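What follows is one structure encoded as structure tokens, with my remarks underneath.
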There are 2 protein chains.
Amino acid sequence: MPELRKDPIIGRWVIISTERGKRPTHYSHVEKKVSPTACPFCPGNEAATPREIIAYRPDGSEPNHPGWTLRVVSNKYPALIIEGGLSREPVGIYDRMNGIGAHEVIIETPEHGLDLVDLSIKSFRDVLWAYRERHLDLQRDSRFKYILLFKNHGEAAGASVEHSHSQLIATPVIPKRVAEELKGAKKYYEYKERCIFCDIIRQEISDQDRLVAESDSFLAFAPYASRFPFETWLIPKAHISAYTDTDIDMYAELATIFKDILARLKAGLADPPFNFIIHTSPVGNEYKDFFHWHIEIIPKLTRVAGFEWGTGFYINPTRPEDASKFLRELTVPSSPTAK
Amino acid sequence: MPELRKDPIIGRWVIISTERGKRPTHYSHVEKKVSPTACPFCPGNEAATPREIIAYRPDGSEPNHPGWTLRVVSNKYPALIIEGGLSREPVGIYDRMNGIGAHEVIIETPEHGLDLVDLSIKSFRDVLWAYRERHLDLQRDSRFKYILLFKNHGEAAGASVEHSHSQLIATPVIPKRVAEELKGAKKYYEYKERCIFCDIIRQEISDQDRLVAESDSFLAFAPYASRFPFETWLIPKAHISAYTDTDIDMYAELATIFKDILARLKAGLADPPFNFIIHTSPVGNEYKDFFHWHIEIIPKLTRVAGFEWGTGFYINPTRPEDASKFLRELTVPSSPTAK
């Protein structure tokens, strides 16, 4: 059973999850390449994953067999597990609870070797739609306080399986960074009676110099206090608190601008490792006025990691204005798209 | 001029420092090996660094020439610069100030190829003593709110020069993580009227199962809510708020236990990349009662970085009790020590 432990000083919860199989002697600095022939995410190898939770099967094929275009399964090595109660309890001066949660994998395409950026707008939209479906399903479970959707692309960004996929983790606590965002946005709202993200959008549109891309309903920009070179945020222009409250007609537009940003990063920075994380409102109406969902895309180009981890103090060697200009002005070759 | 920018939502300051020379097209995922023959930190190459701030020269040799056993210089590519005023000002809804600060390099040994762990106790103590000297000097500058001492070991941990060195950054703001620690420790003190770190030390000594090493005046243990496998904290048992308030007789003992921990990490985990950071009290008496200096040592063994960066939510695949047992029970070969 994984365990959640609370840092007694700053109140951060950490997941201790030994089921992921690491033993002291198993660490190694050697990079491992996953063999595509034995890929657990490829059609025909469905038995190598837990049974599918949902799948898109345009040909009406049988569950857990080939024919799918997108597939969601439980993570075989979950950081948190779904069965059980939380059992929060003290351990001397410390706090623990059971590692209850959900950990799912969204297999974005049946085609090994395609990246998310290579998908057609329709397939990219399907991925965004699957995020929404899983989100709506899991938020009915009252044990879960937050649902995190994220993607690791490239080994240096933490991807352990090459076949393109995203992940979902539903947690019994709100992650610290999200809690800080909620708190900061609430404070601003209490003072100004305006959403801070809406004000940021207004300023970015007015300043222009940190914009990466823009569509009717979405804005992509390099945040003013970017922690990382080429960090890019993608946000709906209208005030929408939760990802799942986005108008269903907007997902195709979101897929189009999101694909465009990923194509710019890939073309301009030689297919960098990256992470993206969807920051959405926790379940509940109390965040509606002041929180505004967005996606944070973080290319992993610098290695000054440990110091930043330890102090929360970031050194960014590229001005956001230079990063966004570079991405904005790139001529992106039309990428090969799958069906 | 580097710039400090404040994240308007969660209040984190970020250093935008383009003087470190990165341009959009300069990023590369290829690892670069620094040639030892042209090492700027080797004796004889003193002209390759800014002039020395302090140096230990047992033979009374001339400044900026060979003969030194330890040398402190300004960073040639500083993240923050020493001359100027802060000029804090708004930029629309954002906040900025000039990137004023100090960024120094402590060259720990003249011998290229030796690591900190290989130094004699005397030389290791000299390094800790140089930290103290620089700290005491810089805390007289009222523009600086915090002085960070840290080391990156290995390229994966952010070291860009192979020759063993540590770094000091004096900042005009308190780093976010430190501010959170101060706040959490203060809250605990207000409620319990005891230092939370002193209580942690009591519990760790009583529980025993997270201890890594112990000496008369210091304790090394895996924190209960370790974020990273083999994360180790080193702390004085007595309540001492600032690193520089440590009794001058204790630095040799600190060098001994610190060297022992680094030797255990090196022997047990195949010389892992790591960072350590000295968490000390900011300048001023208001932190004396509730803050307690300590060193956080973080081996960089896992790659699940971006997700954790983005959310503040850590997944640790090794129980701290297993990590500390492994390190505690290791038989460490006596390492080759320099003079």
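Residue numbering restarts at 1 for every chain of the structure tokens, chains are lettered A, B, ... in their displayed order, and ligands are numbered from 1 as they appear.
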
Within 7 Å of chain B, which residues of chain A show up when using only C-alpha atoms, listed as a ChimeraX atom specification?
/A:5-7,9-10,13-18,20,22-24,27,156-158,175-178,180-181,184-185,225,227,275,277,301,303-307,310-319,323

With DSSP run on the backbone, what are the helix (DSSP H, G or I) residues within region 233-304 of chain A? I'd like them as a PyMOL selection string.
chain A and resi 243-245+248-268+285-287

Output N, CA, C and O atoms for every residue in that selection, as an mmCIF file, in the first residue's frame.
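Everything below was put into result_8.cif:
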```cif
data_model
loop_
_atom_site.group_PDB
_atom_site.id
_atom_site.type_symbol
_atom_site.label_atom_id
_atom_site.label_comp_id
_atom_site.auth_asym_id
_atom_site.auth_seq_id
_atom_site.Cartn_x
_atom_site.Cartn_y
_atom_site.Cartn_z
ATOM 1 N N TYR A 243 -11.329 22.755 -16.220
ATOM 2 C CA TYR A 243 -11.105 22.220 -17.569
ATOM 3 C C TYR A 243 -12.381 21.585 -18.122
ATOM 4 O O TYR A 243 -12.718 21.763 -19.295
ATOM 5 N N THR A 244 -13.094 20.884 -17.255
ATOM 6 C CA THR A 244 -14.296 20.160 -17.703
ATOM 7 C C THR A 244 -15.481 21.092 -17.952
ATOM 8 O O THR A 244 -16.497 20.651 -18.487
ATOM 9 N N ASP A 245 -15.391 22.345 -17.554
ATOM 10 C CA ASP A 245 -16.461 23.309 -17.845
ATOM 11 C C ASP A 245 -16.275 23.980 -19.211
ATOM 12 O O ASP A 245 -17.092 24.810 -19.607
ATOM 13 N N ILE A 248 -18.017 22.301 -25.084
ATOM 14 C CA ILE A 248 -17.585 21.118 -25.838
ATOM 15 C C ILE A 248 -17.143 21.462 -27.271
ATOM 16 O O ILE A 248 -16.346 20.744 -27.857
ATOM 17 N N ASP A 249 -17.613 22.587 -27.788
ATOM 18 C CA ASP A 249 -17.179 22.994 -29.127
ATOM 19 C C ASP A 249 -15.747 23.529 -29.141
ATOM 20 O O ASP A 249 -15.151 23.710 -30.204
ATOM 21 N N MET A 250 -15.182 23.816 -27.952
ATOM 22 C CA MET A 250 -13.862 24.449 -27.910
ATOM 23 C C MET A 250 -12.693 23.453 -27.963
ATOM 24 O O MET A 250 -11.536 23.858 -28.127
ATOM 25 N N TYR A 251 -12.974 22.153 -27.794
ATOM 26 C CA TYR A 251 -11.865 21.190 -27.710
ATOM 27 C C TYR A 251 -11.096 21.051 -29.030
ATOM 28 O O TYR A 251 -9.886 20.815 -29.031
ATOM 29 N N ALA A 252 -11.812 21.192 -30.167
ATOM 30 C CA ALA A 252 -11.105 21.101 -31.457
ATOM 31 C C ALA A 252 -10.189 22.316 -31.631
ATOM 32 O O ALA A 252 -9.046 22.190 -32.091
ATOM 33 N N GLU A 253 -10.666 23.483 -31.213
ATOM 34 C CA GLU A 253 -9.836 24.684 -31.287
ATOM 35 C C GLU A 253 -8.634 24.564 -30.345
ATOM 36 O O GLU A 253 -7.507 24.929 -30.694
ATOM 37 N N LEU A 254 -8.887 24.011 -29.154
ATOM 38 C CA LEU A 254 -7.788 23.798 -28.199
ATOM 39 C C LEU A 254 -6.745 22.852 -28.798
ATOM 40 O O LEU A 254 -5.537 23.092 -28.697
ATOM 41 N N ALA A 255 -7.219 21.785 -29.440
ATOM 42 C CA ALA A 255 -6.293 20.829 -30.071
ATOM 43 C C ALA A 255 -5.443 21.537 -31.126
ATOM 44 O O ALA A 255 -4.228 21.303 -31.227
ATOM 45 N N THR A 256 -6.059 22.430 -31.882
ATOM 46 C CA THR A 256 -5.345 23.114 -32.971
ATOM 47 C C THR A 256 -4.227 24.009 -32.440
ATOM 48 O O THR A 256 -3.083 23.940 -32.904
ATOM 49 N N ILE A 257 -4.524 24.823 -31.437
ATOM 50 C CA ILE A 257 -3.490 25.738 -30.927
ATOM 51 C C ILE A 257 -2.445 24.974 -30.101
ATOM 52 O O ILE A 257 -1.247 25.262 -30.159
ATOM 53 N N PHE A 258 -2.880 23.941 -29.383
ATOM 54 C CA PHE A 258 -1.961 23.141 -28.569
ATOM 55 C C PHE A 258 -0.965 22.419 -29.488
ATOM 56 O O PHE A 258 0.255 22.424 -29.264
ATOM 57 N N LYS A 259 -1.477 21.823 -30.563
ATOM 58 C CA LYS A 259 -0.617 21.139 -31.548
ATOM 59 C C LYS A 259 0.366 22.135 -32.165
ATOM 60 O O LYS A 259 1.551 21.829 -32.346
ATOM 61 N N ASP A 260 -0.117 23.337 -32.443
ATOM 62 C CA ASP A 260 0.751 24.363 -33.020
ATOM 63 C C ASP A 260 1.905 24.723 -32.070
ATOM 64 O O ASP A 260 3.060 24.838 -32.486
ATOM 65 N N ILE A 261 1.601 24.853 -30.795
ATOM 66 C CA ILE A 261 2.658 25.185 -29.823
ATOM 67 C C ILE A 261 3.677 24.052 -29.732
ATOM 68 O O ILE A 261 4.888 24.280 -29.743
ATOM 69 N N LEU A 262 3.179 22.826 -29.646
ATOM 70 C CA LEU A 262 4.098 21.683 -29.551
ATOM 71 C C LEU A 262 4.954 21.578 -30.818
ATOM 72 O O LEU A 262 6.135 21.228 -30.744
ATOM 73 N N ALA A 263 4.362 21.919 -31.968
ATOM 74 C CA ALA A 263 5.126 21.878 -33.223
ATOM 75 C C ALA A 263 6.222 22.950 -33.211
ATOM 76 O O ALA A 263 7.344 22.720 -33.677
ATOM 77 N N ARG A 264 5.923 24.118 -32.649
ATOM 78 C CA ARG A 264 6.927 25.181 -32.557
ATOM 79 C C ARG A 264 8.075 24.768 -31.636
ATOM 80 O O ARG A 264 9.250 24.997 -31.934
ATOM 81 N N LEU A 265 7.730 24.170 -30.498
ATOM 82 C CA LEU A 265 8.772 23.717 -29.576
ATOM 83 C C LEU A 265 9.634 22.645 -30.249
ATOM 84 O O LEU A 265 10.860 22.672 -30.163
ATOM 85 N N LYS A 266 8.971 21.711 -30.934
ATOM 86 C CA LYS A 266 9.709 20.609 -31.564
ATOM 87 C C LYS A 266 10.632 21.124 -32.662
ATOM 88 O O LYS A 266 11.806 20.759 -32.726
ATOM 89 N N ALA A 267 10.105 22.012 -33.524
ATOM 90 C CA ALA A 267 10.904 22.518 -34.648
ATOM 91 C C ALA A 267 12.013 23.453 -34.167
ATOM 92 O O ALA A 267 13.146 23.394 -34.634
ATOM 93 N N GLY A 268 11.697 24.301 -33.193
ATOM 94 C CA GLY A 268 12.655 25.331 -32.787
ATOM 95 C C GLY A 268 13.717 24.840 -31.835
ATOM 96 O O GLY A 268 14.813 25.381 -31.787
ATOM 97 N N ASN A 285 -17.689 24.362 -5.986
ATOM 98 C CA ASN A 285 -18.044 25.674 -6.539
ATOM 99 C C ASN A 285 -17.272 26.835 -5.936
ATOM 100 O O ASN A 285 -17.305 27.942 -6.463
ATOM 101 N N GLU A 286 -16.567 26.595 -4.829
ATOM 102 C CA GLU A 286 -15.952 27.724 -4.132
ATOM 103 C C GLU A 286 -14.773 28.343 -4.877
ATOM 104 O O GLU A 286 -14.261 29.380 -4.462
ATOM 105 N N TYR A 287 -14.308 27.707 -5.978
ATOM 106 C CA TYR A 287 -13.158 28.233 -6.711
ATOM 107 C C TYR A 287 -13.567 28.950 -7.998
ATOM 108 O O TYR A 287 -12.744 29.524 -8.698
#
```

List as a Markdown table every residue of region 6-95 of chain A that is in contact with region 120-123 of chain A, defined as an atom at most 12 Å from one of its atoms (using only C-alpha atoms), together with the nearest atom pair and the distance in Å rounded to one decimal, sorted by chain and then rising number.
```
| residue | atom | partner | partner_atom | distance |
| --- | --- | --- | --- | --- |
| A:Tyr56 | CA | A:Ser123 | CA | 10.2 |
| A:Pro58 | CA | A:Ser123 | CA | 11.7 |
| A:Trp68 | CA | A:Ser123 | CA | 11.6 |
| A:Thr69 | CA | A:Ser123 | CA | 7.9 |
| A:Leu70 | CA | A:Ser123 | CA | 8.3 |
| A:Arg71 | CA | A:Ser123 | CA | 11.9 |
```

Please produce an output containing N, CA, C and O atoms for each residue in the selection, written as a PDB file, in the first residue's frame.
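Wrote it out as out-v4.pdb, contents follow:
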```pdb
ATOM      1  N   TYR A  56     -11.521   4.432 -27.358  1.00  0.00           N
ATOM      2  CA  TYR A  56     -12.264   4.884 -28.535  1.00  0.00           C
ATOM      3  C   TYR A  56     -12.028   3.844 -29.626  1.00  0.00           C
ATOM      4  O   TYR A  56     -10.882   3.576 -30.010  1.00  0.00           O
ATOM      5  N   PRO A  58     -13.573   3.223 -33.159  1.00  0.00           N
ATOM      6  CA  PRO A  58     -14.475   3.608 -34.256  1.00  0.00           C
ATOM      7  C   PRO A  58     -15.006   2.398 -35.026  1.00  0.00           C
ATOM      8  O   PRO A  58     -16.093   2.463 -35.605  1.00  0.00           O
ATOM      9  N   TRP A  68      -8.668  -0.065 -31.469  1.00  0.00           N
ATOM     10  CA  TRP A  68      -8.832   1.205 -30.764  1.00  0.00           C
ATOM     11  C   TRP A  68      -7.962   2.300 -31.406  1.00  0.00           C
ATOM     12  O   TRP A  68      -6.955   2.018 -32.044  1.00  0.00           O
ATOM     13  N   THR A  69      -8.406   3.548 -31.209  1.00  0.00           N
ATOM     14  CA  THR A  69      -7.573   4.687 -31.614  1.00  0.00           C
ATOM     15  C   THR A  69      -7.023   5.422 -30.395  1.00  0.00           C
ATOM     16  O   THR A  69      -6.068   6.191 -30.491  1.00  0.00           O
ATOM     17  N   LEU A  70      -7.644   5.182 -29.246  1.00  0.00           N
ATOM     18  CA  LEU A  70      -7.173   5.758 -27.978  1.00  0.00           C
ATOM     19  C   LEU A  70      -7.641   4.819 -26.879  1.00  0.00           C
ATOM     20  O   LEU A  70      -8.727   4.234 -26.954  1.00  0.00           O
ATOM     21  N   ARG A  71      -6.810   4.687 -25.839  1.00  0.00           N
ATOM     22  CA  ARG A  71      -7.103   3.695 -24.816  1.00  0.00           C
ATOM     23  C   ARG A  71      -6.666   4.246 -23.462  1.00  0.00           C
ATOM     24  O   ARG A  71      -5.573   4.819 -23.344  1.00  0.00           O
TER      25      ARG A  71
END
```

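Computed from the coordinates, the CA of Asp126 (chain B) to CA of Cys198 (chain B) distance equals 27.5 Å.
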
In terms of the shortest atom-to-atom distance over only C-alpha atoms, which of B:Lys192, B:Lys145, B:His103, B:Arg140 is closest to Ile169 (chain B)?
B:His103

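Between CA of Ile100 (chain A) and CA of Phe291 (chain A) the separation is 26.0 Å.
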
Exercise: Asp247 (chain A) partners within 12 Å, only C-alpha atoms, chain neighbours under 6 positions left out, as a short mmCIF file (atom, residue, chain, number, x, y, z; two decimals) with C-alpha atoms, in the first residue's frame:
```cif
data_model
loop_
_atom_site.label_atom_id
_atom_site.label_comp_id
_atom_site.auth_asym_id
_atom_site.auth_seq_id
_atom_site.Cartn_x
_atom_site.Cartn_y
_atom_site.Cartn_z
CA TRP A 129 -11.71 14.67 -24.76
CA ARG A 132 -12.35 15.37 -19.85
CA SER A 217 -10.77 31.44 -27.61
CA PRO A 236 -8.85 30.09 -22.42
CA ALA A 238 -12.91 33.61 -21.25
CA HIS A 239 -13.12 32.96 -17.52
CA ILE A 240 -13.50 29.20 -17.10
CA SER A 241 -12.56 27.73 -13.76
CA GLU A 253 -9.84 24.68 -31.29
CA LEU A 254 -7.79 23.80 -28.20
#
```

Point-to-point distance from CA of Gln208 (chain A) to CA of Ile295 (chain A), Å rounded to tenths
19.4 Å

As number ranges by chain, please: every residue in region 212-330 of chain A that DSSP puts in strand (DSSP E).
A: 212-214, 218-221, 232-236, 274-279, 294-299, 314-316

Dump N, CA and C atoms for the selected residues as an mmCIF file, in the first residue's frame?
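Contents of again10.cif, freshly written:
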```cif
data_model
loop_
_atom_site.group_PDB
_atom_site.id
_atom_site.type_symbol
_atom_site.label_atom_id
_atom_site.label_comp_id
_atom_site.auth_asym_id
_atom_site.auth_seq_id
_atom_site.Cartn_x
_atom_site.Cartn_y
_atom_site.Cartn_z
ATOM 1 N N VAL A 212 2.905 33.775 -27.721
ATOM 2 C CA VAL A 212 3.441 32.720 -28.576
ATOM 3 C C VAL A 212 2.444 32.415 -29.698
ATOM 4 N N ALA A 213 1.182 32.313 -29.357
ATOM 5 C CA ALA A 213 0.142 32.037 -30.354
ATOM 6 C C ALA A 213 -1.197 32.500 -29.795
ATOM 7 N N GLU A 214 -2.159 32.702 -30.687
ATOM 8 C CA GLU A 214 -3.471 33.164 -30.251
ATOM 9 C C GLU A 214 -4.517 32.599 -31.204
ATOM 10 N N PHE A 218 -8.372 31.050 -27.258
ATOM 11 C CA PHE A 218 -7.222 30.696 -26.435
ATOM 12 C C PHE A 218 -6.031 31.617 -26.663
ATOM 13 N N LEU A 219 -5.199 31.701 -25.626
ATOM 14 C CA LEU A 219 -3.977 32.490 -25.704
ATOM 15 C C LEU A 219 -2.820 31.623 -25.214
ATOM 16 N N ALA A 220 -1.697 31.689 -25.921
ATOM 17 C CA ALA A 220 -0.482 31.018 -25.454
ATOM 18 C C ALA A 220 0.585 32.074 -25.283
ATOM 19 N N PHE A 221 1.232 32.074 -24.121
ATOM 20 C CA PHE A 221 2.237 33.109 -23.854
ATOM 21 C C PHE A 221 3.309 32.587 -22.906
ATOM 22 N N THR A 232 5.723 27.862 -21.462
ATOM 23 C CA THR A 232 4.591 28.441 -22.192
ATOM 24 C C THR A 232 3.287 28.056 -21.503
ATOM 25 N N TRP A 233 2.412 29.046 -21.307
ATOM 26 C CA TRP A 233 1.097 28.761 -20.735
ATOM 27 C C TRP A 233 0.038 28.896 -21.818
ATOM 28 N N LEU A 234 -0.921 28.002 -21.777
ATOM 29 C CA LEU A 234 -2.032 28.005 -22.727
ATOM 30 C C LEU A 234 -3.312 28.142 -21.909
ATOM 31 N N ILE A 235 -4.124 29.157 -22.223
ATOM 32 C CA ILE A 235 -5.243 29.498 -21.337
ATOM 33 C C ILE A 235 -6.459 29.944 -22.156
ATOM 34 N N PRO A 236 -7.672 29.564 -21.734
ATOM 35 C CA PRO A 236 -8.852 30.090 -22.415
ATOM 36 C C PRO A 236 -9.006 31.578 -22.091
ATOM 37 N N PHE A 274 9.859 17.492 -22.601
ATOM 38 C CA PHE A 274 9.006 18.494 -21.953
ATOM 39 C C PHE A 274 7.976 17.813 -21.058
ATOM 40 N N ASN A 275 7.396 18.599 -20.171
ATOM 41 C CA ASN A 275 6.236 18.186 -19.395
ATOM 42 C C ASN A 275 5.136 19.184 -19.638
ATOM 43 N N PHE A 276 3.887 18.734 -19.686
ATOM 44 C CA PHE A 276 2.810 19.704 -19.515
ATOM 45 C C PHE A 276 1.877 19.218 -18.425
ATOM 46 N N ILE A 277 1.254 20.157 -17.773
ATOM 47 C CA ILE A 277 0.379 19.876 -16.637
ATOM 48 C C ILE A 277 -0.861 20.740 -16.797
ATOM 49 N N ILE A 278 -2.032 20.129 -16.678
ATOM 50 C CA ILE A 278 -3.267 20.909 -16.716
ATOM 51 C C ILE A 278 -3.585 21.373 -15.293
ATOM 52 N N HIS A 279 -3.593 22.690 -15.117
ATOM 53 C CA HIS A 279 -3.976 23.256 -13.823
ATOM 54 C C HIS A 279 -5.462 23.596 -13.902
ATOM 55 N N HIS A 294 -5.695 26.416 -16.894
ATOM 56 C CA HIS A 294 -4.666 26.661 -17.903
ATOM 57 C C HIS A 294 -3.732 25.468 -17.964
ATOM 58 N N ILE A 295 -2.951 25.419 -19.022
ATOM 59 C CA ILE A 295 -1.977 24.342 -19.202
ATOM 60 C C ILE A 295 -0.587 24.953 -19.144
ATOM 61 N N GLU A 296 0.277 24.385 -18.313
ATOM 62 C CA GLU A 296 1.661 24.847 -18.250
ATOM 63 C C GLU A 296 2.544 23.855 -18.998
ATOM 64 N N ILE A 297 3.241 24.352 -20.008
ATOM 65 C CA ILE A 297 4.127 23.518 -20.822
ATOM 66 C C ILE A 297 5.571 23.907 -20.491
ATOM 67 N N ILE A 298 6.347 22.921 -20.050
ATOM 68 C CA ILE A 298 7.696 23.202 -19.554
ATOM 69 C C ILE A 298 8.728 22.367 -20.300
ATOM 70 N N PRO A 299 9.416 22.952 -21.290
ATOM 71 C CA PRO A 299 10.513 22.212 -21.921
ATOM 72 C C PRO A 299 11.641 22.018 -20.910
ATOM 73 N N TYR A 314 14.404 30.006 -8.791
ATOM 74 C CA TYR A 314 14.721 29.619 -10.157
ATOM 75 C C TYR A 314 15.591 30.652 -10.847
ATOM 76 N N ILE A 315 16.542 30.166 -11.624
ATOM 77 C CA ILE A 315 17.365 31.034 -12.459
ATOM 78 C C ILE A 315 17.060 30.668 -13.906
ATOM 79 N N ASN A 316 16.541 31.623 -14.646
ATOM 80 C CA ASN A 316 16.145 31.375 -16.029
ATOM 81 C C ASN A 316 17.075 32.150 -16.961
#
```

Which residues, written as an NGL selection string, have at least one atom at most 8 Å from Leu116 (chain A), with only C-alpha atoms counted and residues fewer than 3 positions away on the same chain left out?
:A and (108 or 119 or 124 or 164-165 or 259)

How would the residues just chosen look if you wrote them out with all heavy atoms as a PDB file, in the first residue's frame?
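Printed below is selection-v2.pdb as written:
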```pdb
ATOM      1  N   GLU A 108      -2.269   7.596 -26.297  1.00  0.00           N
ATOM      2  CA  GLU A 108      -2.849   8.628 -27.172  1.00  0.00           C
ATOM      3  C   GLU A 108      -3.074   8.173 -28.612  1.00  0.00           C
ATOM      4  O   GLU A 108      -3.851   8.777 -29.341  1.00  0.00           O
ATOM      5  CB  GLU A 108      -1.935   9.870 -27.154  1.00  0.00           C
ATOM      6  CG  GLU A 108      -1.795  10.480 -25.768  1.00  0.00           C
ATOM      7  CD  GLU A 108      -0.493  11.274 -25.607  1.00  0.00           C
ATOM      8  OE1 GLU A 108       0.330  11.298 -26.550  1.00  0.00           O
ATOM      9  OE2 GLU A 108      -0.292  11.856 -24.526  1.00  0.00           O
ATOM     10  N   LEU A 119      -0.157  13.875 -34.197  1.00  0.00           N
ATOM     11  CA  LEU A 119      -1.539  13.424 -34.393  1.00  0.00           C
ATOM     12  C   LEU A 119      -2.335  14.430 -35.221  1.00  0.00           C
ATOM     13  O   LEU A 119      -2.051  15.629 -35.223  1.00  0.00           O
ATOM     14  CB  LEU A 119      -2.235  13.218 -33.042  1.00  0.00           C
ATOM     15  CG  LEU A 119      -1.622  12.195 -32.078  1.00  0.00           C
ATOM     16  CD1 LEU A 119      -2.566  11.961 -30.902  1.00  0.00           C
ATOM     17  CD2 LEU A 119      -1.311  10.881 -32.770  1.00  0.00           C
ATOM     18  N   PHE A 124      -5.913  14.475 -31.808  1.00  0.00           N
ATOM     19  CA  PHE A 124      -5.454  15.318 -30.697  1.00  0.00           C
ATOM     20  C   PHE A 124      -6.669  15.716 -29.846  1.00  0.00           C
ATOM     21  O   PHE A 124      -6.637  15.666 -28.609  1.00  0.00           O
ATOM     22  CB  PHE A 124      -4.735  16.557 -31.248  1.00  0.00           C
ATOM     23  CG  PHE A 124      -3.775  17.216 -30.285  1.00  0.00           C
ATOM     24  CD1 PHE A 124      -2.446  17.444 -30.638  1.00  0.00           C
ATOM     25  CD2 PHE A 124      -4.192  17.632 -29.031  1.00  0.00           C
ATOM     26  CE1 PHE A 124      -1.556  18.066 -29.760  1.00  0.00           C
ATOM     27  CE2 PHE A 124      -3.310  18.254 -28.145  1.00  0.00           C
ATOM     28  CZ  PHE A 124      -1.996  18.463 -28.521  1.00  0.00           C
ATOM     29  N   SER A 164       3.680   7.117 -27.128  1.00  0.00           N
ATOM     30  CA  SER A 164       3.128   8.393 -26.654  1.00  0.00           C
ATOM     31  C   SER A 164       1.920   8.208 -25.721  1.00  0.00           C
ATOM     32  O   SER A 164       0.935   7.566 -26.084  1.00  0.00           O
ATOM     33  CB  SER A 164       2.732   9.246 -27.869  1.00  0.00           C
ATOM     34  OG  SER A 164       2.549  10.585 -27.473  1.00  0.00           O
ATOM     35  N   HIS A 165       2.019   8.790 -24.538  1.00  0.00           N
ATOM     36  CA  HIS A 165       0.945   8.654 -23.551  1.00  0.00           C
ATOM     37  C   HIS A 165       0.954   9.826 -22.580  1.00  0.00           C
ATOM     38  O   HIS A 165       1.956  10.526 -22.449  1.00  0.00           O
ATOM     39  CB  HIS A 165       1.096   7.345 -22.774  1.00  0.00           C
ATOM     40  CG  HIS A 165       2.316   7.287 -21.898  1.00  0.00           C
ATOM     41  ND1 HIS A 165       3.594   7.078 -22.395  1.00  0.00           N
ATOM     42  CD2 HIS A 165       2.473   7.440 -20.560  1.00  0.00           C
ATOM     43  CE1 HIS A 165       4.459   7.094 -21.402  1.00  0.00           C
ATOM     44  NE2 HIS A 165       3.817   7.318 -20.278  1.00  0.00           N
ATOM     45  N   LYS A 259      -1.477  21.823 -30.563  1.00  0.00           N
ATOM     46  CA  LYS A 259      -0.617  21.139 -31.548  1.00  0.00           C
ATOM     47  C   LYS A 259       0.366  22.135 -32.165  1.00  0.00           C
ATOM     48  O   LYS A 259       1.551  21.829 -32.346  1.00  0.00           O
ATOM     49  CB  LYS A 259      -1.504  20.495 -32.621  1.00  0.00           C
ATOM     50  CG  LYS A 259      -0.747  19.745 -33.735  1.00  0.00           C
ATOM     51  CD  LYS A 259      -1.742  19.095 -34.701  1.00  0.00           C
ATOM     52  CE  LYS A 259      -1.149  18.899 -36.094  1.00  0.00           C
ATOM     53  NZ  LYS A 259      -0.295  17.711 -36.222  1.00  0.00           N
TER      54      LYS A 259
END
```

Nearest residue to Lys237 (chain B) from the set B:Leu128, B:Ala222, B:Asp216, B:Gly101 (distances using only C-alpha atoms):
B:Asp216
